[in-house]
Structure formats: C-alpha cells, structure tokens
Amino acid sequence: MTAAPELMPRLIVDTREQTPLMFRHLEATRGTLQSGDYSVAGLEEEFAVERKSVADLVGSVTRDRDRFSRELHRLRGFRWKYLLIVGTEMELARLAAQGRVKNQLQVKNSILAFSTRYGLQSVWVDTPDAAAHVVESWAFMAYREAKRQAGLKLAIPQWVSATMRAVNMATDAPGLTPAPGGELNQK
C-alpha cells in the first residue's frame, strides 16, 4: 500500500543539473539548491545528493578537486548527504586504459577520503534508472525520519524497501553492486 500523496516527499532537482534523473515514484520539481543536485522540499538544508558520472567524478577528484572539496564542505552540516556515482568501476578502468585516468586507486582513495572527511555515504550504481530509485529511496527515508520526529508515522513503501535492501547489501558485501530494478549483480 502506498502512502497518500501529501505524505510523500517532493524532490527538488537543481536547475544546474544538465541531465536530471527520471523519477517514477516521487514528484520532482526544478529549483535552485545551494548544495547538491537533488534534495527534498522542506529539507533543503538537511538532505543532499551529489550525483557524478564516472568521467565527472574523475575530473572532480583531480583537476577540479578544490571546487569539489568546497561543494562537499558545504554539506558538513547536513543530516543526510550522499555521493551517488552513476556508472561502474569497469568504466573507471576503461578511462584508465584510454589514458584519461592516471591512477584508478587515486580516484577510489579520493572517494574514501571525501566520504570520511565530510561524513557522506558514497554509492556506485550502474544506470541512471537505478540512481533514480536510490535517490527516491533516500529521500523517502529522510522525509520519513523528519516526519517521525514531528510525531507522524509513515509506512515504508515496498519500492523503498527493495531499493534500500539492494543498496545496503551492495555496500556491505564486497563484489556486489545494485543493478537496475534493485537486483544485485556479482562483480
């Protein structure tokens, strides 16, 4: 059973986001965000998702590192902050084979360092569709927690449970990544 529409969060997609994710479960509107690419209406100062393609991530942790560090620094006071990498580690290996990445390990270590330094969760997903599912699920869970603290109890929709299980299993089990639709792929 799905919660009533007024009990569902509304996503805010930053106006600078060039190719926004396509959401299936939650309404999304364009707006100017101070931090991140995606947020939740009413939680813009608490919830942010910074989305990066693999190629964009490489640029962000190498030549644009200072700018990216400033972006992540702005997220330090947020309760819910995420770095969502859309693509695979195989794409990173292909960029290295093409000479566009000098050191794959440097990129991976930078993700770890930024995650530790700024207290954000970093997750890799294979496709934009999977990324949209993950953003919707994170948004719902943050919204649900904010409402719980205000005394309102919201049931977790099945689509959120399935996505969160896939993400949690993937981040806890080396060698697994969430695939489109929430299934897990063995690396």
# chains A, B, ... in the order shown; residues from 1 in each chain; ligands from 1

call {"tool": "select_by_dssp", "arguments": {"residues": "region 30-187 of chain A", "states": "alpha helix (DSSP H)", "output": "ChimeraX atom specification"}}
result
/A:54-61,65-73,89-97,104-118,128-149,158-172

call {"tool": "residues_around", "arguments": {"residues": "region 46-61 of chain A", "least_positions_apart": "2", "cutoff": "7 Å", "atoms": "only C-alpha atoms", "output": "number ranges by chain"}}
result
A: 35-40, 43-44, 63-65, 68, 78-87, 91-92, 107, 110

call {"tool": "atom_distance", "arguments": {"atom1": "CA of Glu27 (chain A)", "atom2": "CA of Thr127 (chain A)"}}
result
20.0 Å

call {"tool": "closest_residue", "arguments": {"among": "A:Ser115, A:Ser122, A:His25, A:Ala131", "to": "Gln158 (chain A)", "atoms": "only C-alpha atoms"}}
result
A:His25

call {"tool": "closest_residue", "arguments": {"among": "A:Leu75, A:Asp126, A:Val135, A:Ala146", "to": "Ile12 (chain A)", "atoms": "only C-alpha atoms"}}
result
A:Val135

call {"tool": "atom_distance", "arguments": {"atom1": "CA of Ala155 (chain A)", "atom2": "CA of Val134 (chain A)"}}
result
17.7 Å

call {"tool": "atom_distance", "arguments": {"atom1": "CA of Ser69 (chain A)", "atom2": "CA of Phe114 (chain A)"}}
result
7.8 Å

call {"tool": "closest_atom_pairs", "arguments": {"of": "region 91-150 of chain A", "to": "region 16-23 of chain A", "cutoff": "9 Å", "atoms": "only C-alpha atoms", "output": "tab-separated table"}}
result
residue	atom	partner	partner_atom	distance
A:Pro128	CA	A:Leu21	CA	6.3
A:Asp129	CA	A:Met22	CA	7.1
A:Ala131	CA	A:Leu21	CA	7.5
A:Ala132	CA	A:Phe23	CA	5.6
A:His133	CA	A:Phe23	CA	7.2
A:Val135	CA	A:Phe23	CA	8.7
A:Glu136	CA	A:Phe23	CA	7.3

call {"tool": "decode", "arguments": {"residues": "region 79-112 of chain A", "atoms": "N, CA, C and O atoms", "output": "PDB file, in the first residue's frame"}}
result
ATOM      1  N   ARG A  79      22.191  16.574   7.660  1.00  0.00           N
ATOM      2  CA  ARG A  79      21.955  15.286   8.330  1.00  0.00           C
ATOM      3  C   ARG A  79      22.108  14.123   7.359  1.00  0.00           C
ATOM      4  O   ARG A  79      22.618  13.060   7.718  1.00  0.00           O
ATOM      5  N   TRP A  80      21.628  14.297   6.140  1.00  0.00           N
ATOM      6  CA  TRP A  80      21.635  13.238   5.135  1.00  0.00           C
ATOM      7  C   TRP A  80      22.359  13.765   3.910  1.00  0.00           C
ATOM      8  O   TRP A  80      21.890  14.667   3.229  1.00  0.00           O
ATOM      9  N   LYS A  81      23.524  13.185   3.617  1.00  0.00           N
ATOM     10  CA  LYS A  81      24.335  13.635   2.483  1.00  0.00           C
ATOM     11  C   LYS A  81      24.953  12.429   1.791  1.00  0.00           C
ATOM     12  O   LYS A  81      25.464  11.516   2.448  1.00  0.00           O
ATOM     13  N   TYR A  82      24.867  12.460   0.471  1.00  0.00           N
ATOM     14  CA  TYR A  82      25.268  11.300  -0.312  1.00  0.00           C
ATOM     15  C   TYR A  82      26.042  11.715  -1.548  1.00  0.00           C
ATOM     16  O   TYR A  82      25.747  12.733  -2.164  1.00  0.00           O
ATOM     17  N   LEU A  83      27.012  10.889  -1.916  1.00  0.00           N
ATOM     18  CA  LEU A  83      27.689  10.991  -3.201  1.00  0.00           C
ATOM     19  C   LEU A  83      27.237   9.776  -4.001  1.00  0.00           C
ATOM     20  O   LEU A  83      27.506   8.635  -3.618  1.00  0.00           O
ATOM     21  N   LEU A  84      26.515  10.029  -5.069  1.00  0.00           N
ATOM     22  CA  LEU A  84      25.962   8.962  -5.901  1.00  0.00           C
ATOM     23  C   LEU A  84      26.737   8.939  -7.214  1.00  0.00           C
ATOM     24  O   LEU A  84      26.685   9.894  -7.996  1.00  0.00           O
ATOM     25  N   ILE A  85      27.463   7.855  -7.436  1.00  0.00           N
ATOM     26  CA  ILE A  85      28.289   7.707  -8.634  1.00  0.00           C
ATOM     27  C   ILE A  85      27.531   6.809  -9.598  1.00  0.00           C
ATOM     28  O   ILE A  85      27.243   5.656  -9.290  1.00  0.00           O
ATOM     29  N   VAL A  86      27.178   7.370 -10.755  1.00  0.00           N
ATOM     30  CA  VAL A  86      26.402   6.631 -11.747  1.00  0.00           C
ATOM     31  C   VAL A  86      27.365   6.085 -12.783  1.00  0.00           C
ATOM     32  O   VAL A  86      27.943   6.822 -13.579  1.00  0.00           O
ATOM     33  N   GLY A  87      27.548   4.781 -12.737  1.00  0.00           N
ATOM     34  CA  GLY A  87      28.488   4.096 -13.613  1.00  0.00           C
ATOM     35  C   GLY A  87      29.114   2.945 -12.853  1.00  0.00           C
ATOM     36  O   GLY A  87      28.696   2.629 -11.739  1.00  0.00           O
ATOM     37  N   THR A  88      30.107   2.347 -13.442  1.00  0.00           N
ATOM     38  CA  THR A  88      30.735   1.179 -12.824  1.00  0.00           C
ATOM     39  C   THR A  88      32.238   1.390 -12.685  1.00  0.00           C
ATOM     40  O   THR A  88      32.826   2.260 -13.332  1.00  0.00           O
ATOM     41  N   GLU A  89      32.819   0.572 -11.864  1.00  0.00           N
ATOM     42  CA  GLU A  89      34.267   0.611 -11.732  1.00  0.00           C
ATOM     43  C   GLU A  89      34.944   0.146 -13.025  1.00  0.00           C
ATOM     44  O   GLU A  89      36.080   0.532 -13.296  1.00  0.00           O
ATOM     45  N   MET A  90      34.222  -0.630 -13.824  1.00  0.00           N
ATOM     46  CA  MET A  90      34.753  -1.018 -15.146  1.00  0.00           C
ATOM     47  C   MET A  90      34.898   0.214 -16.044  1.00  0.00           C
ATOM     48  O   MET A  90      35.850   0.294 -16.830  1.00  0.00           O
ATOM     49  N   GLU A  91      33.985   1.177 -15.925  1.00  0.00           N
ATOM     50  CA  GLU A  91      34.116   2.424 -16.687  1.00  0.00           C
ATOM     51  C   GLU A  91      35.373   3.174 -16.263  1.00  0.00           C
ATOM     52  O   GLU A  91      36.068   3.757 -17.095  1.00  0.00           O
ATOM     53  N   LEU A  92      35.653   3.144 -14.972  1.00  0.00           N
ATOM     54  CA  LEU A  92      36.871   3.777 -14.466  1.00  0.00           C
ATOM     55  C   LEU A  92      38.098   3.096 -15.074  1.00  0.00           C
ATOM     56  O   LEU A  92      39.040   3.758 -15.504  1.00  0.00           O
ATOM     57  N   ALA A  93      38.059   1.778 -15.152  1.00  0.00           N
ATOM     58  CA  ALA A  93      39.171   1.034 -15.758  1.00  0.00           C
ATOM     59  C   ALA A  93      39.313   1.378 -17.243  1.00  0.00           C
ATOM     60  O   ALA A  93      40.429   1.521 -17.748  1.00  0.00           O
ATOM     61  N   ARG A  94      38.177   1.541 -17.951  1.00  0.00           N
ATOM     62  CA  ARG A  94      38.240   1.925 -19.366  1.00  0.00           C
ATOM     63  C   ARG A  94      38.854   3.317 -19.544  1.00  0.00           C
ATOM     64  O   ARG A  94      39.654   3.540 -20.451  1.00  0.00           O
ATOM     65  N   LEU A  95      38.473   4.246 -18.661  1.00  0.00           N
ATOM     66  CA  LEU A  95      39.062   5.597 -18.723  1.00  0.00           C
ATOM     67  C   LEU A  95      40.571   5.528 -18.498  1.00  0.00           C
ATOM     68  O   LEU A  95      41.335   6.256 -19.141  1.00  0.00           O
ATOM     69  N   ALA A  96      40.997   4.637 -17.599  1.00  0.00           N
ATOM     70  CA  ALA A  96      42.430   4.472 -17.349  1.00  0.00           C
ATOM     71  C   ALA A  96      43.113   3.891 -18.586  1.00  0.00           C
ATOM     72  O   ALA A  96      44.194   4.343 -18.980  1.00  0.00           O
ATOM     73  N   ALA A  97      42.473   2.914 -19.218  1.00  0.00           N
ATOM     74  CA  ALA A  97      43.049   2.304 -20.421  1.00  0.00           C
ATOM     75  C   ALA A  97      43.155   3.320 -21.562  1.00  0.00           C
ATOM     76  O   ALA A  97      44.064   3.237 -22.390  1.00  0.00           O
ATOM     77  N   GLN A  98      42.258   4.293 -21.590  1.00  0.00           N
ATOM     78  CA  GLN A  98      42.287   5.346 -22.616  1.00  0.00           C
ATOM     79  C   GLN A  98      43.259   6.469 -22.250  1.00  0.00           C
ATOM     80  O   GLN A  98      43.408   7.423 -23.001  1.00  0.00           O
ATOM     81  N   GLY A  99      43.876   6.366 -21.074  1.00  0.00           N
ATOM     82  CA  GLY A  99      44.806   7.391 -20.627  1.00  0.00           C
ATOM     83  C   GLY A  99      44.146   8.615 -20.017  1.00  0.00           C
ATOM     84  O   GLY A  99      44.799   9.628 -19.785  1.00  0.00           O
ATOM     85  N   ARG A 100      42.837   8.544 -19.751  1.00  0.00           N
ATOM     86  CA  ARG A 100      42.118   9.689 -19.168  1.00  0.00           C
ATOM     87  C   ARG A 100      42.189   9.692 -17.645  1.00  0.00           C
ATOM     88  O   ARG A 100      41.820  10.676 -17.021  1.00  0.00           O
ATOM     89  N   VAL A 101      42.653   8.589 -17.067  1.00  0.00           N
ATOM     90  CA  VAL A 101      42.849   8.486 -15.617  1.00  0.00           C
ATOM     91  C   VAL A 101      44.260   7.959 -15.415  1.00  0.00           C
ATOM     92  O   VAL A 101      44.621   6.919 -15.960  1.00  0.00           O
ATOM     93  N   LYS A 102      45.047   8.684 -14.642  1.00  0.00           N
ATOM     94  CA  LYS A 102      46.416   8.237 -14.394  1.00  0.00           C
ATOM     95  C   LYS A 102      46.453   7.093 -13.405  1.00  0.00           C
ATOM     96  O   LYS A 102      47.241   6.175 -13.537  1.00  0.00           O
ATOM     97  N   ASN A 103      45.591   7.169 -12.395  1.00  0.00           N
ATOM     98  CA  ASN A 103      45.678   6.220 -11.306  1.00  0.00           C
ATOM     99  C   ASN A 103      44.280   5.928 -10.754  1.00  0.00           C
ATOM    100  O   ASN A 103      43.699   6.761 -10.065  1.00  0.00           O
ATOM    101  N   GLN A 104      43.757   4.752 -11.087  1.00  0.00           N
ATOM    102  CA  GLN A 104      42.426   4.359 -10.591  1.00  0.00           C
ATOM    103  C   GLN A 104      42.365   4.353  -9.070  1.00  0.00           C
ATOM    104  O   GLN A 104      41.369   4.749  -8.483  1.00  0.00           O
ATOM    105  N   LEU A 105      43.438   3.892  -8.460  1.00  0.00           N
ATOM    106  CA  LEU A 105      43.472   3.816  -7.000  1.00  0.00           C
ATOM    107  C   LEU A 105      43.367   5.213  -6.389  1.00  0.00           C
ATOM    108  O   LEU A 105      42.714   5.398  -5.357  1.00  0.00           O
ATOM    109  N   GLN A 106      43.965   6.216  -7.040  1.00  0.00           N
ATOM    110  CA  GLN A 106      43.859   7.588  -6.548  1.00  0.00           C
ATOM    111  C   GLN A 106      42.396   8.036  -6.517  1.00  0.00           C
ATOM    112  O   GLN A 106      41.948   8.669  -5.565  1.00  0.00           O
ATOM    113  N   VAL A 107      41.649   7.699  -7.559  1.00  0.00           N
ATOM    114  CA  VAL A 107      40.234   8.075  -7.614  1.00  0.00           C
ATOM    115  C   VAL A 107      39.470   7.379  -6.493  1.00  0.00           C
ATOM    116  O   VAL A 107      38.705   8.018  -5.756  1.00  0.00           O
ATOM    117  N   LYS A 108      39.674   6.078  -6.337  1.00  0.00           N
ATOM    118  CA  LYS A 108      38.978   5.322  -5.290  1.00  0.00           C
ATOM    119  C   LYS A 108      39.362   5.828  -3.899  1.00  0.00           C
ATOM    120  O   LYS A 108      38.506   5.959  -3.019  1.00  0.00           O
ATOM    121  N   ASN A 109      40.646   6.102  -3.691  1.00  0.00           N
ATOM    122  CA  ASN A 109      41.086   6.626  -2.393  1.00  0.00           C
ATOM    123  C   ASN A 109      40.524   8.016  -2.131  1.00  0.00           C
ATOM    124  O   ASN A 109      40.224   8.365  -0.986  1.00  0.00           O
ATOM    125  N   SER A 110      40.383   8.815  -3.179  1.00  0.00           N
ATOM    126  CA  SER A 110      39.783  10.149  -3.020  1.00  0.00           C
ATOM    127  C   SER A 110      38.330  10.037  -2.571  1.00  0.00           C
ATOM    128  O   SER A 110      37.883  10.796  -1.711  1.00  0.00           O
ATOM    129  N   ILE A 111      37.595   9.094  -3.145  1.00  0.00           N
ATOM    130  CA  ILE A 111      36.199   8.876  -2.725  1.00  0.00           C
ATOM    131  C   ILE A 111      36.165   8.517  -1.250  1.00  0.00           C
ATOM    132  O   ILE A 111      35.359   9.063  -0.484  1.00  0.00           O
ATOM    133  N   LEU A 112      37.029   7.614  -0.840  1.00  0.00           N
ATOM    134  CA  LEU A 112      37.099   7.203   0.561  1.00  0.00           C
ATOM    135  C   LEU A 112      37.468   8.385   1.460  1.00  0.00           C
ATOM    136  O   LEU A 112      36.851   8.614   2.501  1.00  0.00           O
TER     137      LEU A 112
END
